[in-house]
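For reference, the structure discussed in these notes is given below.
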Amino acid sequence: VDIDPFFDAVVQGVEEAILNALVANEDMTGRDGNFVPALPKAWLQARFPNQ
């Protein structure tokens, strides 16, 4: 099955945006003091070794 080159470019762009968001994450404190820690960089590297 051939994928339209434009569709393929969109898929690659979305994948890159998601990975960038995961790598750029930081600890966050939200409403009512709810704290969410950032994902450890080593954890991300272990799960996405070829990225």
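In the structure tokens, the first chain shown is A, the next is B, and so on; residue numbers restart at 1 for each chain, and ligands run from 1 in the order shown.
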
Let's see if you can do this: from backbone DSSP, list all alpha helix (DSSP H) residues in chain A, as number ranges by chain. A: 5-23, 41-47

Please produce an output containing N, CA and C atoms for each residue in the selection, written as a compact mmCIF listing (two decimals), in the first residue's frame.
# COMPACT_ATOMS: atom_id res chain seq x y z
N PRO A 5 2.55 10.99 -0.06
CA PRO A 5 3.71 11.66 0.56
C PRO A 5 3.31 12.75 1.55
N PHE A 6 2.24 13.46 1.28
CA PHE A 6 1.78 14.50 2.20
C PHE A 6 1.34 13.88 3.52
N PHE A 7 0.57 12.79 3.46
CA PHE A 7 0.12 12.09 4.66
C PHE A 7 1.31 11.57 5.45
N ASP A 8 2.29 11.01 4.76
CA ASP A 8 3.50 10.51 5.42
C ASP A 8 4.23 11.64 6.14
N ALA A 9 4.31 12.81 5.52
CA ALA A 9 4.96 13.95 6.15
C ALA A 9 4.21 14.39 7.40
N VAL A 10 2.89 14.36 7.35
CA VAL A 10 2.08 14.72 8.52
C VAL A 10 2.33 13.75 9.66
N VAL A 11 2.36 12.46 9.35
CA VAL A 11 2.61 11.44 10.38
C VAL A 11 3.97 11.66 11.03
N GLN A 12 4.99 11.91 10.23
CA GLN A 12 6.33 12.13 10.77
C GLN A 12 6.37 13.39 11.63
N GLY A 13 5.67 14.43 11.20
CA GLY A 13 5.63 15.67 11.98
C GLY A 13 4.96 15.49 13.33
N VAL A 14 3.87 14.73 13.35
CA VAL A 14 3.17 14.47 14.61
C VAL A 14 4.04 13.64 15.55
N GLU A 15 4.69 12.61 15.01
CA GLU A 15 5.59 11.79 15.84
C GLU A 15 6.69 12.65 16.45
N GLU A 16 7.27 13.52 15.66
CA GLU A 16 8.35 14.38 16.15
C GLU A 16 7.83 15.33 17.22
N ALA A 17 6.65 15.89 17.03
CA ALA A 17 6.08 16.81 18.02
C ALA A 17 5.83 16.11 19.35
N ILE A 18 5.34 14.88 19.29
CA ILE A 18 5.08 14.13 20.52
C ILE A 18 6.39 13.84 21.26
N LEU A 19 7.40 13.38 20.53
CA LEU A 19 8.69 13.10 21.16
C LEU A 19 9.31 14.37 21.75
N ASN A 20 9.20 15.49 21.04
CA ASN A 20 9.73 16.75 21.55
C ASN A 20 9.03 17.15 22.85
N ALA A 21 7.71 16.97 22.90
CA ALA A 21 6.96 17.31 24.11
C ALA A 21 7.38 16.42 25.28
N LEU A 22 7.63 15.15 25.01
CA LEU A 22 8.06 14.24 26.07
C LEU A 22 9.44 14.61 26.60
N VAL A 23 10.33 14.99 25.71
CA VAL A 23 11.71 15.31 26.11
C VAL A 23 11.77 16.66 26.84
N LYS A 41 14.63 11.39 31.83
CA LYS A 41 15.21 11.28 30.48
C LYS A 41 15.69 9.85 30.20
N ALA A 42 16.24 9.17 31.21
CA ALA A 42 16.71 7.79 31.01
C ALA A 42 15.55 6.87 30.68
N TRP A 43 14.40 7.11 31.29
CA TRP A 43 13.20 6.30 31.02
C TRP A 43 12.78 6.47 29.56
N LEU A 44 12.81 7.72 29.08
CA LEU A 44 12.44 7.97 27.69
C LEU A 44 13.44 7.33 26.73
N GLN A 45 14.72 7.44 27.03
CA GLN A 45 15.74 6.86 26.15
C GLN A 45 15.62 5.35 26.08
N ALA A 46 15.23 4.72 27.18
CA ALA A 46 15.08 3.26 27.20
C ALA A 46 13.89 2.82 26.35
N ARG A 47 12.86 3.64 26.28
CA ARG A 47 11.66 3.26 25.54
C ARG A 47 11.68 3.69 24.08

If you measure from atom CA of A:Pro49 to atom CA of A:Thr29, what distance in Å do you get, rounded to one decimal?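 Pair atom CA of A:Pro49 / atom CA of A:Thr29 returns 29.1 Å.
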
Expressed in Å to a single decimal, how great is the separation between atom CA of A:Asn25 and atom CA of A:Phe48?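 Those two atoms sit 15.4 Å apart.
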
From a backbone DSSP assignment, name each residue in chain A labelled strand (DSSP E or B), as a list in words.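 Across chain A, those assigned strand (DSSP E or B) are Met28, Thr29, Phe35 and Val36 of chain A.
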
Output for the residues just chosen: N, CA and C atoms as a short mmCIF file (atom, residue, chain, number, x, y, z; two decimals), in the first residue's frame:
data_model
loop_
_atom_site.label_atom_id
_atom_site.label_comp_id
_atom_site.auth_asym_id
_atom_site.auth_seq_id
_atom_site.Cartn_x
_atom_site.Cartn_y
_atom_site.Cartn_z
N MET A 28 5.58 19.78 37.30
CA MET A 28 4.49 20.75 37.24
C MET A 28 3.62 20.64 38.49
N THR A 29 3.27 21.78 39.03
CA THR A 29 2.30 21.83 40.12
C THR A 29 1.06 22.51 39.58
N PHE A 35 0.81 17.80 42.18
CA PHE A 35 2.16 17.77 41.63
C PHE A 35 2.31 16.59 40.68
N VAL A 36 2.92 16.86 39.53
CA VAL A 36 3.22 15.80 38.56
C VAL A 36 4.71 15.91 38.22
#
